[in-house]
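Down below is the structure, laid out as structure tokens.
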Amino acid sequence: NAGVTQTPKFQVLKTGQSMTLQCAQDMNHNSMYWYRQDPGMGLRLIYYSASEGTTDKGEVPNGYNVSRLNKREFSLRLESAAPSQTSVYFCASRTGENTEAFFGQGTRLTVV
Amino acid sequence: DQQVKQNSPSLSVQEGRISILNCDYTNSMFDYFLWYKKYPAEGPTFLISISSIKDKNEDGRFTVFLNKSAKHLSLHIVPSQPGDSAVYFCAASVWAGSYQLTFGKGTKLSVIP
């Protein structure tokens, strides 16, 4: 049982480049989330998707876009990467009710 | 405005003793609370949760206490083990069109052998 799978695990981008972080879950969860973790800042919500076909902004959405491709997949796109987007990104999924969320292993992104 | 606060960035405890991690929240609408544990280079893993209708939940060495009037929860680990050394995140959930999950900044626990 893979749970939540994120790709890639590591990425280095140059300022202005674009890329998409992929996330897939095999637990038939309705809700999916993208967080970023920065030193001393905890986990901050970027975007979330309550169900297939819906997406909403979280606490720090600027510079990002998302797509809920289907129930399994939720991608995060950086259109024009900036050094401030250097971070560790985590995808999570949840049934959609008040239960625990399951996290992927993270993507460490460096923008130079 | 930070809705979930973990005011202690770090905590050191001797092996075998009790570890107490604290968390405060400001949104009285939060109705479900969770604790996550995170090792370096790994994703957070769920540890224990509590509904707002309860004041205590226990799972093995881990107990979470909720004081709604004080908007405070705590995680007790007894006895602490070196393998418990990790960053612990407090999280809170509320319905706002969907169930959002808000995290604190984390507390790094070091259990000294």
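For the structure tokens, the naming scheme is as follows: chains receive sequential letters (A, B, ...) according to their order of presentation, residues are indexed from 1 within each chain, and ligands are indexed from 1 in presentation order.
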
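The residue set within 8 Å of region 91-104 of chain A, counting only C-alpha atoms and dropping same-chain residues fewer than 4 places from it, reads Gly3, Val4, Thr5, Gln6, Cys23, Gln25, Asn28, His29, Asn30, Ser31, Met32, Tyr33, Trp34, Tyr35, Ala50 and Ser51 of chain A; Tyr32, Leu34, Gly43, Pro44, Thr45, Phe46, Ser49, Ser93, Ser98 and Tyr99 of chain B.
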
Exercise for review: Among the residues of chain B, find those DSSP assigns to strand (DSSP E or B) from the backbone and print them as a VMD selection string.
Suggested key: chain B and resid 4 to 5 10 to 14 19 to 25 32 to 38 45 to 51 56 to 59 62 to 67 72 to 77 86 to 95 99 to 103 107 to 112

Could you turn the residues from that selection into a file that holds C-alpha atoms, as a PDB file, in the first residue's frame?
```
ATOM      1  CA  VAL B   4      -2.330  27.194  16.320  1.00  0.00           C
ATOM      2  CA  LYS B   5       0.652  28.040  18.492  1.00  0.00           C
ATOM      3  CA  SER B  10      12.542  22.732  21.605  1.00  0.00           C
ATOM      4  CA  LEU B  11      12.390  20.430  24.615  1.00  0.00           C
ATOM      5  CA  SER B  12      14.976  18.104  26.154  1.00  0.00           C
ATOM      6  CA  VAL B  13      13.986  15.216  28.404  1.00  0.00           C
ATOM      7  CA  GLN B  14      15.848  12.347  30.028  1.00  0.00           C
ATOM      8  CA  SER B  19       7.700  14.584  27.939  1.00  0.00           C
ATOM      9  CA  ILE B  20       4.978  17.233  27.845  1.00  0.00           C
ATOM     10  CA  LEU B  21       4.427  19.155  24.624  1.00  0.00           C
ATOM     11  CA  ASN B  22       2.016  22.069  24.647  1.00  0.00           C
ATOM     12  CA  CYS B  23      -0.211  23.705  22.064  1.00  0.00           C
ATOM     13  CA  ASP B  24      -2.574  26.680  22.211  1.00  0.00           C
ATOM     14  CA  TYR B  25      -5.203  27.690  19.695  1.00  0.00           C
ATOM     15  CA  TYR B  32     -10.717  18.090  16.106  1.00  0.00           C
ATOM     16  CA  PHE B  33      -7.092  18.138  17.157  1.00  0.00           C
ATOM     17  CA  LEU B  34      -4.154  16.014  16.067  1.00  0.00           C
ATOM     18  CA  TRP B  35      -0.510  15.454  16.873  1.00  0.00           C
ATOM     19  CA  TYR B  36       2.023  14.519  14.226  1.00  0.00           C
ATOM     20  CA  LYS B  37       5.597  13.347  14.561  1.00  0.00           C
ATOM     21  CA  LYS B  38       8.242  14.150  11.982  1.00  0.00           C
ATOM     22  CA  THR B  45       3.182  10.772  10.538  1.00  0.00           C
ATOM     23  CA  PHE B  46      -0.022  10.795  12.536  1.00  0.00           C
ATOM     24  CA  LEU B  47       0.364  10.084  16.234  1.00  0.00           C
ATOM     25  CA  ILE B  48      -2.876  10.667  18.112  1.00  0.00           C
ATOM     26  CA  SER B  49      -6.017  12.794  17.912  1.00  0.00           C
ATOM     27  CA  ILE B  50      -8.850  14.068  20.071  1.00  0.00           C
ATOM     28  CA  SER B  51     -12.323  15.329  19.356  1.00  0.00           C
ATOM     29  CA  LYS B  56      -8.499  13.010  27.079  1.00  0.00           C
ATOM     30  CA  ASN B  57      -7.406  10.337  24.639  1.00  0.00           C
ATOM     31  CA  GLU B  58      -4.810   7.697  25.336  1.00  0.00           C
ATOM     32  CA  ASP B  59      -2.855   5.374  23.059  1.00  0.00           C
ATOM     33  CA  PHE B  62       0.886   8.775  24.323  1.00  0.00           C
ATOM     34  CA  THR B  63      -1.928  10.766  25.934  1.00  0.00           C
ATOM     35  CA  VAL B  64      -3.478  13.953  24.620  1.00  0.00           C
ATOM     36  CA  PHE B  65      -5.349  16.299  26.967  1.00  0.00           C
ATOM     37  CA  LEU B  66      -7.735  18.999  25.790  1.00  0.00           C
ATOM     38  CA  ASN B  67      -8.807  22.007  27.863  1.00  0.00           C
ATOM     39  CA  HIS B  72      -5.030  24.440  25.200  1.00  0.00           C
ATOM     40  CA  LEU B  73      -3.968  20.905  24.471  1.00  0.00           C
ATOM     41  CA  SER B  74      -0.969  18.897  25.502  1.00  0.00           C
ATOM     42  CA  LEU B  75       0.732  15.672  24.491  1.00  0.00           C
ATOM     43  CA  HIS B  76       2.233  13.504  27.228  1.00  0.00           C
ATOM     44  CA  ILE B  77       4.754  10.797  26.393  1.00  0.00           C
ATOM     45  CA  ALA B  86      11.631  14.184  16.523  1.00  0.00           C
ATOM     46  CA  VAL B  87       9.689  17.326  15.713  1.00  0.00           C
ATOM     47  CA  TYR B  88       6.102  17.233  16.966  1.00  0.00           C
ATOM     48  CA  PHE B  89       3.398  19.244  15.258  1.00  0.00           C
ATOM     49  CA  CYS B  90       0.054  20.130  16.744  1.00  0.00           C
ATOM     50  CA  ALA B  91      -2.804  20.506  14.226  1.00  0.00           C
ATOM     51  CA  ALA B  92      -6.427  21.580  14.401  1.00  0.00           C
ATOM     52  CA  SER B  93      -9.349  21.000  12.092  1.00  0.00           C
ATOM     53  CA  VAL B  94     -12.471  23.017  11.358  1.00  0.00           C
ATOM     54  CA  TRP B  95     -15.218  22.870   8.770  1.00  0.00           C
ATOM     55  CA  TYR B  99     -12.243  20.327   6.608  1.00  0.00           C
ATOM     56  CA  GLN B 100      -9.140  22.479   6.734  1.00  0.00           C
ATOM     57  CA  LEU B 101      -6.122  21.390   8.754  1.00  0.00           C
ATOM     58  CA  THR B 102      -3.964  24.076  10.379  1.00  0.00           C
ATOM     59  CA  PHE B 103      -0.575  23.290  11.896  1.00  0.00           C
ATOM     60  CA  THR B 107       8.448  21.503  18.888  1.00  0.00           C
ATOM     61  CA  LYS B 108      11.702  19.606  18.552  1.00  0.00           C
ATOM     62  CA  LEU B 109      11.898  16.930  21.247  1.00  0.00           C
ATOM     63  CA  SER B 110      15.255  15.484  22.216  1.00  0.00           C
ATOM     64  CA  VAL B 111      15.241  12.455  24.509  1.00  0.00           C
ATOM     65  CA  ILE B 112      18.624  12.044  26.145  1.00  0.00           C
TER      66      ILE B 112
END
```

Practice item. Between B:Gly83, B:Gly104, B:Pro40, B:Pro113, single out the one closest to chain A, counting only C-alpha atoms. Key: B:Gly104

Exercise for review: Rounded to one decimal place, report the CA of Phe90 (chain A)-CA of Asp31 (chain B) distance in Å.
Suggested key: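 Those two atoms sit 23.7 Å apart.
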
Point to revise | Counting only C-alpha atoms, the residue of B:Val78, B:Ala70, B:Ala96, B:Ile18 that sits nearest chain A | key: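 That would be B:Ala96, the residue with the smallest distance to chain A.
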
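The list of residues with at least one atom within 7 Å of Gly16 (chain A), based on only C-alpha atoms and without residues fewer than 4 positions apart in the same chain, reads Ser80, Ala81 and Ala82 of chain A.
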
Exercise for review: Give me the residues within 12 Å of Gln11 (chain A) as JSON, numbers by chain, counting only C-alpha atoms and dropping any in the same chain fewer than 2 places off.
Suggested key: {"A": [7, 8, 9, 13, 14, 17, 18, 19, 20, 21, 81, 85, 86, 87, 88, 89, 106, 107, 108, 109, 110, 111, 112]}

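Among the candidates B:Glu42, B:Glu15, B:Pro82, B:Lys54, the one nearest to chain A when counting only C-alpha atoms is B:Glu42.
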
Check your understanding: To one decimal place, how far is CA of Ala2 (chain A) from CA of Tyr48 (chain A) in Å?
Key ->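 Computed distance, CA of Ala2 (chain A) to CA of Tyr48 (chain A), equals 20.8 Å.
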